[in-house]
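Student: Sharing a structure with you now.
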Amino acid sequence: LQIIPFGLIVFAMNKYTATALAIGATSILISHMIQVCRNRYNQGRISSLSDYIKSYPARRRMRQVIQSLVPLWKSKYDTFDRQASQIKFTKSDVIVFAPPKSGTTWVTHICHQIRTHGAEITFNDQDDVVPWIERLGTLYLDGTTFNDNPNADHIAEPRVFKSHLTWEERPAGCYKEIWIFRDIVDMMISVSHFLPSLWGIELPLNEEEMCSFLLDSGDVQSALISLADAWLHRNDDNVLLLFYENMLKDH
């Protein structure tokens, strides 16, 4: 008879302990999430907590799309450093650096027209005349001129390359650098309109969702840090710093 009440007490205590542990674990998780959100907000990677929560399904969907494309982007050279190391850069080489949707194609085409003296366009894909450094050796550029031969002769001199690498990621070597930057909001909106057709996204993110994704992924932060870095070197002999909006005015 004395065992029954004792058993009930133990059961009650175990139940209470389990509940307390669950509440404690939940509190720790919530505190961690709040701290993560606070850090991301301070880094400029969240516009607001409500937006961050609301856009979670869209960001998750975007990450799944990117994950499906990773095999196409995987290079036989493994890393950006090794991809770039396949190229023997010279002082006359030009690399056009820019965050996505900030004028990369525009400026590389200008460079190509200058070096060919405005010759008639005979290529179907710009990657056949201007190699994309961080996509060399991938299925993504399979069939293009430089994919398997990064040091192949260019159609004219100087050699021109393009890249979306950041200032810190840019390849080692002696070459000329053109950096292009665009109003960050316009860049994000342009990405939201461009990627669905390029990547065949079945359920595209709207402008607000794409902005949330680009903030959270660190792409915006990386672009702004590169801008700050490039600005410090704007007077270097081998650096040309351009702004998309200024180019539009002079077009």
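For the structure tokens, the naming scheme is as follows: chains receive sequential letters (A, B, ...) according to their order of presentation, residues are indexed from 1 within each chain, and ligands are indexed from 1 in presentation order.
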Which residues of region 104-145 of chain A have any atom within 12 Å of an atom in region 172-194 of chain A when counting only C-alpha atoms, and what is the closest pair of atoms for each, with the distance in Å to one decimal? Order the rows by chain and rising number and write it as a Markdown table.

Tutor:
| residue | atom | partner | partner_atom | distance |
| --- | --- | --- | --- | --- |
| A:Thr104 | CA | A:Ile180 | CA | 7.4 |
| A:Thr105 | CA | A:Ile180 | CA | 10.8 |
| A:Trp106 | CA | A:Ile180 | CA | 10.3 |
| A:Val107 | CA | A:Ile180 | CA | 8.4 |
| A:Thr108 | CA | A:Ile178 | CA | 9.5 |
| A:Ile110 | CA | A:Ile178 | CA | 11.8 |
| A:Cys111 | CA | A:Ile178 | CA | 10.2 |

Student: Within 10 Å of region 112-125 of chain A, which residues of region 147-238 of chain A show up? Give each one with its shortest atom-to-atom distance in Å (one decimal) and the two atoms involved, counting only C-alpha atoms, rows by chain then rising residue number, as a tab-separated table.

Tutor:
residue	atom	partner	partner_atom	distance
A:Ile155	CA	A:Thr116	CA	7.9
A:Ala156	CA	A:Arg115	CA	6.1
A:Glu157	CA	A:Arg115	CA	6.0
A:Pro158	CA	A:Arg115	CA	6.6
A:Arg159	CA	A:Arg115	CA	8.7
A:Val160	CA	A:His112	CA	7.4

Student: For region 126-143 of chain A, work out the shell of residues within 6 Å, counting only C-alpha atoms and skipping chain neighbours fewer than 5 positions away, then give it as a list in words.

Tutor: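 With the cut-off at 6 Å, the set is Leu72, Trp73, Lys74, Ser75, Lys76, Phe80, Asp148, Val160, Phe161, Lys162 and Ser163 of chain A.
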
Student: Looking at only C-alpha atoms, which of A:Leu198, A:Leu165, A:Leu242, A:Met62 is the one that sits closest to Pro100 (chain A)?

Tutor: A:Leu165

Student: Go ahead and compute the interatomic distance for CA of Ala230 (chain A) and CA of Pro171 (chain A), in Å to one decimal.

Tutor: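 Computing the Euclidean distance for CA of Ala230 (chain A) and CA of Pro171 (chain A) yields 14.5 Å.
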
Student: So what do you get for CA of Tyr52 (chain A) versus CA of His32 (chain A), distance-wise?

Tutor: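 Straight-line distance from CA of Tyr52 (chain A) to CA of His32 (chain A) works out to 15.3 Å.
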
Student: Restricting the calculation to only C-alpha atoms, which member of A:Ala228, A:Leu205, A:Ala22, A:Val94 is positioned closest to Ala58 (chain A)?

Tutor: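 Nearest to Ala58 (chain A): A:Leu205.
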